[in-house]
>>> print(open('target.pdb').read())   # PDB, N, CA and C atoms and all ligand atoms
ATOM      1  N   MET A   1      -7.675  20.727  -0.194  1.00  0.00           N
ATOM      2  CA  MET A   1      -8.258  19.672  -1.037  1.00  0.00           C
ATOM      3  C   MET A   1      -7.490  18.367  -0.884  1.00  0.00           C
ATOM      4  N   VAL A   2      -8.153  17.280  -1.221  1.00  0.00           N
ATOM      5  CA  VAL A   2      -7.533  15.971  -1.126  1.00  0.00           C
ATOM      6  C   VAL A   2      -7.966  15.130  -2.333  1.00  0.00           C
ATOM      7  N   ASN A   3      -7.059  14.322  -2.808  1.00  0.00           N
ATOM      8  CA  ASN A   3      -7.395  13.373  -3.873  1.00  0.00           C
ATOM      9  C   ASN A   3      -7.362  11.964  -3.298  1.00  0.00           C
ATOM     10  N   ILE A   4      -8.474  11.261  -3.420  1.00  0.00           N
ATOM     11  CA  ILE A   4      -8.553   9.889  -2.937  1.00  0.00           C
ATOM     12  C   ILE A   4      -8.772   9.002  -4.153  1.00  0.00           C
ATOM     13  N   THR A   5      -7.800   8.154  -4.431  1.00  0.00           N
ATOM     14  CA  THR A   5      -7.909   7.322  -5.622  1.00  0.00           C
ATOM     15  C   THR A   5      -7.871   5.841  -5.259  1.00  0.00           C
ATOM     16  N   VAL A   6      -8.693   5.084  -5.957  1.00  0.00           N
ATOM     17  CA  VAL A   6      -8.754   3.639  -5.751  1.00  0.00           C
ATOM     18  C   VAL A   6      -8.287   2.958  -7.040  1.00  0.00           C
ATOM     19  N   ASP A   7      -7.321   2.083  -6.914  1.00  0.00           N
ATOM     20  CA  ASP A   7      -6.840   1.331  -8.063  1.00  0.00           C
ATOM     21  C   ASP A   7      -7.748   0.110  -8.253  1.00  0.00           C
ATOM     22  N   LYS A   8      -8.549   0.170  -9.297  1.00  0.00           N
ATOM     23  CA  LYS A   8      -9.555  -0.884  -9.518  1.00  0.00           C
ATOM     24  C   LYS A   8      -8.937  -2.219  -9.917  1.00  0.00           C
ATOM     25  N   ASP A   9      -7.679  -2.183 -10.322  1.00  0.00           N
ATOM     26  CA  ASP A   9      -6.994  -3.435 -10.656  1.00  0.00           C
ATOM     27  C   ASP A   9      -6.609  -4.213  -9.399  1.00  0.00           C
ATOM     28  N   PHE A  10      -6.435  -3.490  -8.303  1.00  0.00           N
ATOM     29  CA  PHE A  10      -5.973  -4.129  -7.067  1.00  0.00           C
ATOM     30  C   PHE A  10      -7.067  -4.298  -6.023  1.00  0.00           C
ATOM     31  N   CYS A  11      -8.054  -3.408  -6.020  1.00  0.00           N
ATOM     32  CA  CYS A  11      -9.113  -3.456  -5.003  1.00  0.00           C
ATOM     33  C   CYS A  11      -9.930  -4.738  -5.126  1.00  0.00           C
ATOM     34  N   LYS A  12     -10.165  -5.377  -3.963  1.00  0.00           N
ATOM     35  CA  LYS A  12     -10.990  -6.587  -3.958  1.00  0.00           C
ATOM     36  C   LYS A  12     -12.327  -6.346  -3.256  1.00  0.00           C
ATOM     37  N   GLY A  13     -12.658  -5.098  -3.018  1.00  0.00           N
ATOM     38  CA  GLY A  13     -13.976  -4.757  -2.493  1.00  0.00           C
ATOM     39  C   GLY A  13     -14.253  -5.235  -1.086  1.00  0.00           C
ATOM     40  N   CYS A  14     -13.214  -5.295  -0.256  1.00  0.00           N
ATOM     41  CA  CYS A  14     -13.397  -5.834   1.100  1.00  0.00           C
ATOM     42  C   CYS A  14     -14.080  -4.842   2.043  1.00  0.00           C
ATOM     43  N   SER A  15     -14.108  -3.568   1.676  1.00  0.00           N
ATOM     44  CA  SER A  15     -14.764  -2.498   2.462  1.00  0.00           C
ATOM     45  C   SER A  15     -14.042  -2.135   3.761  1.00  0.00           C
ATOM     46  N   LEU A  16     -12.860  -2.668   3.981  1.00  0.00           N
ATOM     47  CA  LEU A  16     -12.109  -2.316   5.191  1.00  0.00           C
ATOM     48  C   LEU A  16     -11.850  -0.816   5.266  1.00  0.00           C
ATOM     49  N   CYS A  17     -11.544  -0.217   4.132  1.00  0.00           N
ATOM     50  CA  CYS A  17     -11.284   1.228   4.116  1.00  0.00           C
ATOM     51  C   CYS A  17     -12.544   1.995   4.508  1.00  0.00           C
ATOM     52  N   ILE A  18     -13.684   1.534   4.042  1.00  0.00           N
ATOM     53  CA  ILE A  18     -14.951   2.229   4.325  1.00  0.00           C
ATOM     54  C   ILE A  18     -15.262   2.188   5.818  1.00  0.00           C
ATOM     55  N   VAL A  19     -15.168   1.023   6.415  1.00  0.00           N
ATOM     56  CA  VAL A  19     -15.564   0.896   7.830  1.00  0.00           C
ATOM     57  C   VAL A  19     -14.529   1.507   8.771  1.00  0.00           C
ATOM     58  N   ASN A  20     -13.308   1.712   8.304  1.00  0.00           N
ATOM     59  CA  ASN A  20     -12.275   2.291   9.159  1.00  0.00           C
ATOM     60  C   ASN A  20     -12.053   3.780   8.928  1.00  0.00           C
ATOM     61  N   CYS A  21     -12.867   4.385   8.119  1.00  0.00           N
ATOM     62  CA  CYS A  21     -12.769   5.835   7.927  1.00  0.00           C
ATOM     63  C   CYS A  21     -13.557   6.529   9.039  1.00  0.00           C
ATOM     64  N   PRO A  22     -12.881   7.339   9.853  1.00  0.00           N
ATOM     65  CA  PRO A  22     -13.568   7.993  10.969  1.00  0.00           C
ATOM     66  C   PRO A  22     -14.496   9.118  10.533  1.00  0.00           C
ATOM     67  N   LYS A  23     -14.411   9.518   9.287  1.00  0.00           N
ATOM     68  CA  LYS A  23     -15.205  10.665   8.808  1.00  0.00           C
ATOM     69  C   LYS A  23     -16.300  10.270   7.816  1.00  0.00           C
ATOM     70  N   ASP A  24     -16.489   8.983   7.614  1.00  0.00           N
ATOM     71  CA  ASP A  24     -17.524   8.515   6.671  1.00  0.00           C
ATOM     72  C   ASP A  24     -17.371   9.106   5.271  1.00  0.00           C
ATOM     73  N   VAL A  25     -16.143   9.185   4.840  1.00  0.00           N
ATOM     74  CA  VAL A  25     -15.858   9.761   3.524  1.00  0.00           C
ATOM     75  C   VAL A  25     -16.160   8.777   2.393  1.00  0.00           C
ATOM     76  N   LEU A  26     -15.984   7.494   2.680  1.00  0.00           N
ATOM     77  CA  LEU A  26     -16.032   6.467   1.626  1.00  0.00           C
ATOM     78  C   LEU A  26     -17.332   5.670   1.655  1.00  0.00           C
ATOM     79  N   ALA A  27     -17.726   5.192   0.477  1.00  0.00           N
ATOM     80  CA  ALA A  27     -18.919   4.337   0.372  1.00  0.00           C
ATOM     81  C   ALA A  27     -18.723   3.390  -0.808  1.00  0.00           C
ATOM     82  N   VAL A  28     -19.513   2.346  -0.840  1.00  0.00           N
ATOM     83  CA  VAL A  28     -19.432   1.395  -1.950  1.00  0.00           C
ATOM     84  C   VAL A  28     -20.026   2.047  -3.202  1.00  0.00           C
ATOM     85  N   SER A  29     -19.290   1.984  -4.283  1.00  0.00           N
ATOM     86  CA  SER A  29     -19.790   2.569  -5.534  1.00  0.00           C
ATOM     87  C   SER A  29     -20.553   1.505  -6.333  1.00  0.00           C
ATOM     88  N   LYS A  30     -20.970   1.877  -7.522  1.00  0.00           N
ATOM     89  CA  LYS A  30     -21.665   0.910  -8.390  1.00  0.00           C
ATOM     90  C   LYS A  30     -20.703   0.332  -9.423  1.00  0.00           C
ATOM     91  N   GLU A  31     -19.441   0.689  -9.272  1.00  0.00           N
ATOM     92  CA  GLU A  31     -18.441   0.297 -10.254  1.00  0.00           C
ATOM     93  C   GLU A  31     -17.700  -0.961  -9.819  1.00  0.00           C
ATOM     94  N   ARG A  32     -17.499  -1.862 -10.752  1.00  0.00           N
ATOM     95  CA  ARG A  32     -16.788  -3.102 -10.432  1.00  0.00           C
ATOM     96  C   ARG A  32     -15.323  -3.015 -10.848  1.00  0.00           C
ATOM     97  N   GLY A  33     -14.467  -3.551  -9.985  1.00  0.00           N
ATOM     98  CA  GLY A  33     -13.048  -3.586 -10.288  1.00  0.00           C
ATOM     99  C   GLY A  33     -12.705  -4.812 -11.118  1.00  0.00           C
ATOM    100  N   LYS A  34     -11.430  -5.000 -11.334  1.00  0.00           N
ATOM    101  CA  LYS A  34     -10.937  -6.096 -12.161  1.00  0.00           C
ATOM    102  C   LYS A  34     -11.393  -7.458 -11.630  1.00  0.00           C
ATOM    103  N   ALA A  35     -11.438  -7.576 -10.290  1.00  0.00           N
ATOM    104  CA  ALA A  35     -11.810  -8.848  -9.674  1.00  0.00           C
ATOM    105  C   ALA A  35     -13.327  -9.052  -9.639  1.00  0.00           C
ATOM    106  N   GLY A  36     -14.085  -8.056 -10.099  1.00  0.00           N
ATOM    107  CA  GLY A  36     -15.539  -8.214 -10.183  1.00  0.00           C
ATOM    108  C   GLY A  36     -16.299  -7.708  -8.970  1.00  0.00           C
ATOM    109  N   PHE A  37     -15.582  -7.180  -7.985  1.00  0.00           N
ATOM    110  CA  PHE A  37     -16.245  -6.666  -6.787  1.00  0.00           C
ATOM    111  C   PHE A  37     -16.488  -5.163  -6.912  1.00  0.00           C
ATOM    112  N   LEU A  38     -17.486  -4.687  -6.169  1.00  0.00           N
ATOM    113  CA  LEU A  38     -17.769  -3.257  -6.171  1.00  0.00           C
ATOM    114  C   LEU A  38     -16.683  -2.526  -5.391  1.00  0.00           C
ATOM    115  N   VAL A  39     -16.138  -1.497  -5.985  1.00  0.00           N
ATOM    116  CA  VAL A  39     -15.032  -0.765  -5.368  1.00  0.00           C
ATOM    117  C   VAL A  39     -15.564   0.453  -4.609  1.00  0.00           C
ATOM    118  N   PRO A  40     -14.801   0.957  -3.634  1.00  0.00           N
ATOM    119  CA  PRO A  40     -15.246   2.144  -2.901  1.00  0.00           C
ATOM    120  C   PRO A  40     -15.044   3.423  -3.705  1.00  0.00           C
ATOM    121  N   GLU A  41     -15.761   4.453  -3.298  1.00  0.00           N
ATOM    122  CA  GLU A  41     -15.537   5.782  -3.855  1.00  0.00           C
ATOM    123  C   GLU A  41     -15.646   6.795  -2.730  1.00  0.00           C
ATOM    124  N   ALA A  42     -15.031   7.950  -2.939  1.00  0.00           N
ATOM    125  CA  ALA A  42     -15.098   9.024  -1.940  1.00  0.00           C
ATOM    126  C   ALA A  42     -16.352   9.848  -2.210  1.00  0.00           C
ATOM    127  N   THR A  43     -17.358   9.652  -1.383  1.00  0.00           N
ATOM    128  CA  THR A  43     -18.616  10.381  -1.579  1.00  0.00           C
ATOM    129  C   THR A  43     -18.625  11.707  -0.810  1.00  0.00           C
ATOM    130  N   LYS A  44     -17.745  11.818   0.209  1.00  0.00           N
ATOM    131  CA  LYS A  44     -17.669  13.077   0.967  1.00  0.00           C
ATOM    132  C   LYS A  44     -16.204  13.493   1.139  1.00  0.00           C
ATOM    133  N   PRO A  45     -15.496  13.737   0.039  1.00  0.00           N
ATOM    134  CA  PRO A  45     -14.069  14.052   0.139  1.00  0.00           C
ATOM    135  C   PRO A  45     -13.795  15.300   0.972  1.00  0.00           C
ATOM    136  N   GLU A  46     -14.755  16.212   1.020  1.00  0.00           N
ATOM    137  CA  GLU A  46     -14.565  17.462   1.783  1.00  0.00           C
ATOM    138  C   GLU A  46     -14.444  17.193   3.285  1.00  0.00           C
ATOM    139  N   ALA A  47     -14.919  16.016   3.729  1.00  0.00           N
ATOM    140  CA  ALA A  47     -14.862  15.678   5.155  1.00  0.00           C
ATOM    141  C   ALA A  47     -13.559  14.962   5.528  1.00  0.00           C
ATOM    142  N   CYS A  48     -12.740  14.637   4.546  1.00  0.00           N
ATOM    143  CA  CYS A  48     -11.521  13.862   4.798  1.00  0.00           C
ATOM    144  C   CYS A  48     -10.518  14.651   5.646  1.00  0.00           C
ATOM    145  N   SER A  49     -10.010  13.995   6.682  1.00  0.00           N
ATOM    146  CA  SER A  49      -9.025  14.623   7.571  1.00  0.00           C
ATOM    147  C   SER A  49      -7.597  14.239   7.188  1.00  0.00           C
ATOM    148  N   LYS A  50      -7.462  13.468   6.120  1.00  0.00           N
ATOM    149  CA  LYS A  50      -6.155  12.986   5.626  1.00  0.00           C
ATOM    150  C   LYS A  50      -5.427  12.141   6.664  1.00  0.00           C
ATOM    151  N   CYS A  51      -6.186  11.424   7.475  1.00  0.00           N
ATOM    152  CA  CYS A  51      -5.577  10.583   8.510  1.00  0.00           C
ATOM    153  C   CYS A  51      -4.878   9.358   7.908  1.00  0.00           C
ATOM    154  N   LYS A  52      -5.277   9.005   6.711  1.00  0.00           N
ATOM    155  CA  LYS A  52      -4.698   7.874   5.966  1.00  0.00           C
ATOM    156  C   LYS A  52      -5.021   6.504   6.576  1.00  0.00           C
ATOM    157  N   ASN A  53      -5.999   6.446   7.430  1.00  0.00           N
ATOM    158  CA  ASN A  53      -6.431   5.144   7.962  1.00  0.00           C
ATOM    159  C   ASN A  53      -6.775   4.185   6.825  1.00  0.00           C
ATOM    160  N   CYS A  54      -7.480   4.704   5.833  1.00  0.00           N
ATOM    161  CA  CYS A  54      -7.918   3.862   4.712  1.00  0.00           C
ATOM    162  C   CYS A  54      -6.721   3.276   3.978  1.00  0.00           C
ATOM    163  N   GLU A  55      -5.724   4.133   3.767  1.00  0.00           N
ATOM    164  CA  GLU A  55      -4.529   3.707   3.041  1.00  0.00           C
ATOM    165  C   GLU A  55      -3.775   2.625   3.830  1.00  0.00           C
ATOM    166  N   VAL A  56      -3.640   2.850   5.128  1.00  0.00           N
ATOM    167  CA  VAL A  56      -2.873   1.934   5.977  1.00  0.00           C
ATOM    168  C   VAL A  56      -3.593   0.589   6.121  1.00  0.00           C
ATOM    169  N   ILE A  57      -4.914   0.631   6.206  1.00  0.00           N
ATOM    170  CA  ILE A  57      -5.677  -0.594   6.485  1.00  0.00           C
ATOM    171  C   ILE A  57      -5.872  -1.469   5.230  1.00  0.00           C
ATOM    172  N   CYS A  58      -5.734  -0.871   4.070  1.00  0.00           N
ATOM    173  CA  CYS A  58      -6.008  -1.629   2.834  1.00  0.00           C
ATOM    174  C   CYS A  58      -4.969  -2.738   2.649  1.00  0.00           C
ATOM    175  N   PRO A  59      -5.412  -3.986   2.597  1.00  0.00           N
ATOM    176  CA  PRO A  59      -4.466  -5.100   2.459  1.00  0.00           C
ATOM    177  C   PRO A  59      -3.813  -5.162   1.079  1.00  0.00           C
ATOM    178  N   ASP A  60      -4.388  -4.436   0.133  1.00  0.00           N
ATOM    179  CA  ASP A  60      -3.917  -4.559  -1.251  1.00  0.00           C
ATOM    180  C   ASP A  60      -3.288  -3.278  -1.800  1.00  0.00           C
ATOM    181  N   PHE A  61      -3.023  -2.319  -0.913  1.00  0.00           N
ATOM    182  CA  PHE A  61      -2.405  -1.048  -1.322  1.00  0.00           C
ATOM    183  C   PHE A  61      -3.172  -0.417  -2.488  1.00  0.00           C
ATOM    184  N   ALA A  62      -4.489  -0.496  -2.404  1.00  0.00           N
ATOM    185  CA  ALA A  62      -5.319  -0.072  -3.542  1.00  0.00           C
ATOM    186  C   ALA A  62      -5.887   1.331  -3.400  1.00  0.00           C
ATOM    187  N   ILE A  63      -5.752   1.941  -2.227  1.00  0.00           N
ATOM    188  CA  ILE A  63      -6.314   3.281  -2.044  1.00  0.00           C
ATOM    189  C   ILE A  63      -5.207   4.230  -1.603  1.00  0.00           C
ATOM    190  N   VAL A  64      -5.202   5.401  -2.210  1.00  0.00           N
ATOM    191  CA  VAL A  64      -4.151   6.391  -1.946  1.00  0.00           C
ATOM    192  C   VAL A  64      -4.798   7.744  -1.677  1.00  0.00           C
ATOM    193  N   VAL A  65      -4.312   8.403  -0.615  1.00  0.00           N
ATOM    194  CA  VAL A  65      -4.800   9.738  -0.239  1.00  0.00           C
ATOM    195  C   VAL A  65      -3.659  10.726  -0.435  1.00  0.00           C
ATOM    196  N   GLU A  66      -3.904  11.728  -1.258  1.00  0.00           N
ATOM    197  CA  GLU A  66      -2.861  12.713  -1.544  1.00  0.00           C
ATOM    198  C   GLU A  66      -3.422  14.124  -1.431  1.00  0.00           C
ATOM    199  N   GLU A  67      -2.532  15.036  -1.123  1.00  0.00           N
ATOM    200  CA  GLU A  67      -2.917  16.447  -1.150  1.00  0.00           C
ATOM    201  C   GLU A  67      -3.322  16.811  -2.573  1.00  0.00           C
ATOM    202  N   GLY A  68      -4.427  17.521  -2.691  1.00  0.00           N
ATOM    203  CA  GLY A  68      -4.871  17.895  -4.039  1.00  0.00           C
ATOM    204  C   GLY A  68      -4.393  19.281  -4.415  1.00  0.00           C
TER
HETATM  205  S1  LIG A 101      -7.665   9.650   4.943  1.00  0.00           S
HETATM  206 FE1  LIG A 101      -8.878   9.196   6.789  1.00  0.00          FE
HETATM  207  S2  LIG A 101     -10.641  10.581   6.683  1.00  0.00           S
HETATM  208 FE2  LIG A 101      -9.718  10.507   4.636  1.00  0.00          FE
HETATM  209  S3  LIG A 101     -10.854   8.912   3.534  1.00  0.00           S
HETATM  210 FE3  LIG A 101      -9.046   7.938   4.438  1.00  0.00          FE
HETATM  211  S4  LIG A 101      -9.715   7.146   6.437  1.00  0.00           S
HETATM  212 FE4  LIG A 101     -11.238   8.641   5.737  1.00  0.00          FE
HETATM  213  S1  LIG A 102      -9.536  -1.723   1.782  1.00  0.00           S
HETATM  214 FE1  LIG A 102      -8.507  -1.729  -0.209  1.00  0.00          FE
HETATM  215  S2  LIG A 102      -9.165  -3.633  -1.183  1.00  0.00           S
HETATM  216 FE2  LIG A 102     -10.580  -3.221   0.504  1.00  0.00          FE
HETATM  217  S3  LIG A 102     -12.284  -2.068  -0.464  1.00  0.00           S
HETATM  218 FE3  LIG A 102     -10.805  -0.580   0.334  1.00  0.00          FE
HETATM  219  S4  LIG A 102      -9.462  -0.091  -1.427  1.00  0.00           S
HETATM  220 FE4  LIG A 102     -10.529  -2.007  -1.883  1.00  0.00          FE
END
>>> encode(input="target.pdb", output="structure tokens")
Amino acid sequence: MVNITVDKDFCKGCSLCIVNCPKDVLAVSKERGKAGFLVPEATKPEACSKCKNCEVICPDFAIVVEEG
């Protein structure tokens, strides 16, 4: 299992994590973060390979992938 968490206070909705996920785990949610942008969510967490591309690419350190 894996836990993918997005800090809505820091996320600016740039979607870099979504487009750089090789497994299509992430998608834009309907939820707005502190800055007013739609934040990502893990829609297919079971497909996550824990490569951490999303974590590394995020300019705002807003997404974290951890062993569940
Ligand atoms: S760790 Fe890798 S596979 Fe998992 S959500 Fe992030 S980019 Fe996608
Ligand atoms: S890369 Fe970071 S700031 Fe951009 S949408 Fe993903 S979590 Fe939010």
>>> closest_atom_pairs(input="target.pdb", of="chain A", to="ligand LIG 101 (chain A)", cutoff="6 Å", atoms="only N, CA and C atoms and all ligand atoms", output="tab-separated table")
residue	atom	partner	partner_atom	distance
A:Asn20	C	A:LIG101	S4	4.8
A:Cys21	CA	A:LIG101	S4	3.6
A:Pro22	N	A:LIG101	FE4	4.6
A:Lys23	N	A:LIG101	S2	4.7
A:Asp24	N	A:LIG101	FE4	5.6
A:Val25	N	A:LIG101	FE4	5.0
A:Leu26	N	A:LIG101	S3	5.4
A:Ala47	C	A:LIG101	S2	5.4
A:Cys48	CA	A:LIG101	FE2	3.8
A:Ser49	N	A:LIG101	S2	3.5
A:Lys50	CA	A:LIG101	S1	3.7
A:Cys51	N	A:LIG101	S1	3.4
A:Lys52	N	A:LIG101	S1	3.0
A:Asn53	N	A:LIG101	S4	3.9
A:Cys54	N	A:LIG101	S4	3.4
A:Glu55	N	A:LIG101	FE3	5.1
A:Val65	CA	A:LIG101	S1	5.9
>>> write_last_selection(input="target.pdb", atoms="N, CA and C atoms", output="PDB file, keeping the file's coordinate frame")
ATOM      1  N   ASN A  20     -13.308   1.712   8.304  1.00  0.00           N
ATOM      2  CA  ASN A  20     -12.275   2.291   9.159  1.00  0.00           C
ATOM      3  C   ASN A  20     -12.053   3.780   8.928  1.00  0.00           C
ATOM      4  N   CYS A  21     -12.867   4.385   8.119  1.00  0.00           N
ATOM      5  CA  CYS A  21     -12.769   5.835   7.927  1.00  0.00           C
ATOM      6  C   CYS A  21     -13.557   6.529   9.039  1.00  0.00           C
ATOM      7  N   PRO A  22     -12.881   7.339   9.853  1.00  0.00           N
ATOM      8  CA  PRO A  22     -13.568   7.993  10.969  1.00  0.00           C
ATOM      9  C   PRO A  22     -14.496   9.118  10.533  1.00  0.00           C
ATOM     10  N   LYS A  23     -14.411   9.518   9.287  1.00  0.00           N
ATOM     11  CA  LYS A  23     -15.205  10.665   8.808  1.00  0.00           C
ATOM     12  C   LYS A  23     -16.300  10.270   7.816  1.00  0.00           C
ATOM     13  N   ASP A  24     -16.489   8.983   7.614  1.00  0.00           N
ATOM     14  CA  ASP A  24     -17.524   8.515   6.671  1.00  0.00           C
ATOM     15  C   ASP A  24     -17.371   9.106   5.271  1.00  0.00           C
ATOM     16  N   VAL A  25     -16.143   9.185   4.840  1.00  0.00           N
ATOM     17  CA  VAL A  25     -15.858   9.761   3.524  1.00  0.00           C
ATOM     18  C   VAL A  25     -16.160   8.777   2.393  1.00  0.00           C
ATOM     19  N   LEU A  26     -15.984   7.494   2.680  1.00  0.00           N
ATOM     20  CA  LEU A  26     -16.032   6.467   1.626  1.00  0.00           C
ATOM     21  C   LEU A  26     -17.332   5.670   1.655  1.00  0.00           C
ATOM     22  N   ALA A  47     -14.919  16.016   3.729  1.00  0.00           N
ATOM     23  CA  ALA A  47     -14.862  15.678   5.155  1.00  0.00           C
ATOM     24  C   ALA A  47     -13.559  14.962   5.528  1.00  0.00           C
ATOM     25  N   CYS A  48     -12.740  14.637   4.546  1.00  0.00           N
ATOM     26  CA  CYS A  48     -11.521  13.862   4.798  1.00  0.00           C
ATOM     27  C   CYS A  48     -10.518  14.651   5.646  1.00  0.00           C
ATOM     28  N   SER A  49     -10.010  13.995   6.682  1.00  0.00           N
ATOM     29  CA  SER A  49      -9.025  14.623   7.571  1.00  0.00           C
ATOM     30  C   SER A  49      -7.597  14.239   7.188  1.00  0.00           C
ATOM     31  N   LYS A  50      -7.462  13.468   6.120  1.00  0.00           N
ATOM     32  CA  LYS A  50      -6.155  12.986   5.626  1.00  0.00           C
ATOM     33  C   LYS A  50      -5.427  12.141   6.664  1.00  0.00           C
ATOM     34  N   CYS A  51      -6.186  11.424   7.475  1.00  0.00           N
ATOM     35  CA  CYS A  51      -5.577  10.583   8.510  1.00  0.00           C
ATOM     36  C   CYS A  51      -4.878   9.358   7.908  1.00  0.00           C
ATOM     37  N   LYS A  52      -5.277   9.005   6.711  1.00  0.00           N
ATOM     38  CA  LYS A  52      -4.698   7.874   5.966  1.00  0.00           C
ATOM     39  C   LYS A  52      -5.021   6.504   6.576  1.00  0.00           C
ATOM     40  N   ASN A  53      -5.999   6.446   7.430  1.00  0.00           N
ATOM     41  CA  ASN A  53      -6.431   5.144   7.962  1.00  0.00           C
ATOM     42  C   ASN A  53      -6.775   4.185   6.825  1.00  0.00           C
ATOM     43  N   CYS A  54      -7.480   4.704   5.833  1.00  0.00           N
ATOM     44  CA  CYS A  54      -7.918   3.862   4.712  1.00  0.00           C
ATOM     45  C   CYS A  54      -6.721   3.276   3.978  1.00  0.00           C
ATOM     46  N   GLU A  55      -5.724   4.133   3.767  1.00  0.00           N
ATOM     47  CA  GLU A  55      -4.529   3.707   3.041  1.00  0.00           C
ATOM     48  C   GLU A  55      -3.775   2.625   3.830  1.00  0.00           C
ATOM     49  N   VAL A  65      -4.312   8.403  -0.615  1.00  0.00           N
ATOM     50  CA  VAL A  65      -4.800   9.738  -0.239  1.00  0.00           C
ATOM     51  C   VAL A  65      -3.659  10.726  -0.435  1.00  0.00           C
TER      52      VAL A  65
END
>>> resolve_selection(input="target.pdb", expression="the PyMOL selection byres (((chain A and resi 8-16) around 6.5) and not hetatm)", output="list of chain:residue names")
A:Val6, A:Asp7, A:Cys17, A:Ile18, A:Val19, A:Asn20, A:Cys21, A:Arg32, A:Gly33, A:Lys34, A:Ala35, A:Phe37, A:Leu38, A:Val39, A:Pro40, A:Cys54, A:Ile57, A:Cys58, A:Asp60, A:Ala62
>>> atom_distance(input="target.pdb", atom1="atom N of A:Glu46", atom2="atom S3 of ligand LIG 102 (chain A)")
18.5 Å
>>> axis_aligned_box(input="target.pdb", around="ligand LIG 102 (chain A)", padding_each_side="4 Å", output="AutoDock Vina command-line options")
--center_x -10.4 --center_y -1.9 --center_z -0.1 --size_x 11.8 --size_y 11.5 --size_z 11.7
>>> closest_residue(input="target.pdb", among="A:Glu67, A:Lys30, A:Pro59, A:Ile4", to="ligand LIG 102 (chain A)", atoms="only C-alpha atoms and all ligand atoms")
A:Pro59
>>> select_by_dssp(input="target.pdb", residues="chain A", states="strand (DSSP E or B)", output="MDAnalysis selection string")
chainID A and resid 2:6 26:32 38:42 63:67
>>> write_last_selection(input="target.pdb", atoms="N, CA and C atoms", output="short mmCIF file (atom, residue, chain, number, x, y, z; two decimals), keeping the file's coordinate frame")
data_model
loop_
_atom_site.label_atom_id
_atom_site.label_comp_id
_atom_site.auth_asym_id
_atom_site.auth_seq_id
_atom_site.Cartn_x
_atom_site.Cartn_y
_atom_site.Cartn_z
N VAL A 2 -8.15 17.28 -1.22
CA VAL A 2 -7.53 15.97 -1.13
C VAL A 2 -7.97 15.13 -2.33
N ASN A 3 -7.06 14.32 -2.81
CA ASN A 3 -7.40 13.37 -3.87
C ASN A 3 -7.36 11.96 -3.30
N ILE A 4 -8.47 11.26 -3.42
CA ILE A 4 -8.55 9.89 -2.94
C ILE A 4 -8.77 9.00 -4.15
N THR A 5 -7.80 8.15 -4.43
CA THR A 5 -7.91 7.32 -5.62
C THR A 5 -7.87 5.84 -5.26
N VAL A 6 -8.69 5.08 -5.96
CA VAL A 6 -8.75 3.64 -5.75
C VAL A 6 -8.29 2.96 -7.04
N LEU A 26 -15.98 7.49 2.68
CA LEU A 26 -16.03 6.47 1.63
C LEU A 26 -17.33 5.67 1.66
N ALA A 27 -17.73 5.19 0.48
CA ALA A 27 -18.92 4.34 0.37
C ALA A 27 -18.72 3.39 -0.81
N VAL A 28 -19.51 2.35 -0.84
CA VAL A 28 -19.43 1.40 -1.95
C VAL A 28 -20.03 2.05 -3.20
N SER A 29 -19.29 1.98 -4.28
CA SER A 29 -19.79 2.57 -5.53
C SER A 29 -20.55 1.50 -6.33
N LYS A 30 -20.97 1.88 -7.52
CA LYS A 30 -21.66 0.91 -8.39
C LYS A 30 -20.70 0.33 -9.42
N GLU A 31 -19.44 0.69 -9.27
CA GLU A 31 -18.44 0.30 -10.25
C GLU A 31 -17.70 -0.96 -9.82
N ARG A 32 -17.50 -1.86 -10.75
CA ARG A 32 -16.79 -3.10 -10.43
C ARG A 32 -15.32 -3.02 -10.85
N LEU A 38 -17.49 -4.69 -6.17
CA LEU A 38 -17.77 -3.26 -6.17
C LEU A 38 -16.68 -2.53 -5.39
N VAL A 39 -16.14 -1.50 -5.98
CA VAL A 39 -15.03 -0.76 -5.37
C VAL A 39 -15.56 0.45 -4.61
N PRO A 40 -14.80 0.96 -3.63
CA PRO A 40 -15.25 2.14 -2.90
C PRO A 40 -15.04 3.42 -3.70
N GLU A 41 -15.76 4.45 -3.30
CA GLU A 41 -15.54 5.78 -3.86
C GLU A 41 -15.65 6.80 -2.73
N ALA A 42 -15.03 7.95 -2.94
CA ALA A 42 -15.10 9.02 -1.94
C ALA A 42 -16.35 9.85 -2.21
N ILE A 63 -5.75 1.94 -2.23
CA ILE A 63 -6.31 3.28 -2.04
C ILE A 63 -5.21 4.23 -1.60
N VAL A 64 -5.20 5.40 -2.21
CA VAL A 64 -4.15 6.39 -1.95
C VAL A 64 -4.80 7.74 -1.68
N VAL A 65 -4.31 8.40 -0.62
CA VAL A 65 -4.80 9.74 -0.24
C VAL A 65 -3.66 10.73 -0.44
N GLU A 66 -3.90 11.73 -1.26
CA GLU A 66 -2.86 12.71 -1.54
C GLU A 66 -3.42 14.12 -1.43
N GLU A 67 -2.53 15.04 -1.12
CA GLU A 67 -2.92 16.45 -1.15
C GLU A 67 -3.32 16.81 -2.57
#
>>> select_by_dssp(input="target.pdb", residues="chain A", states="helix (DSSP H, G or I)", output="list in words")
Leu16, Cys17, Ile18, Val19, Pro45, Glu46, Ala47, Asn53, Cys54, Glu55, Val56 and Ile57 of chain A
>>> atom_distance(input="target.pdb", atom1="atom S1 of ligand LIG 102 (chain A)", atom2="atom CA of A:Val2")
18.0 Å
>>> closest_residue(input="target.pdb", among="A:Ile63, A:Ala27, A:Ala42, A:Gly68", to="ligand LIG 102 (chain A)", atoms="all atoms listed in the file")
A:Ile63
>>> closest_residue(input="target.pdb", among="A:Glu66, A:Glu31, A:Met1, A:Val56", to="ligand LIG 102 (chain A)", atoms="only C-alpha atoms and all ligand atoms")
A:Val56
>>> atom_distance(input="target.pdb", atom1="atom CA of A:Phe61", atom2="atom C of A:Ser29")
19.0 Å
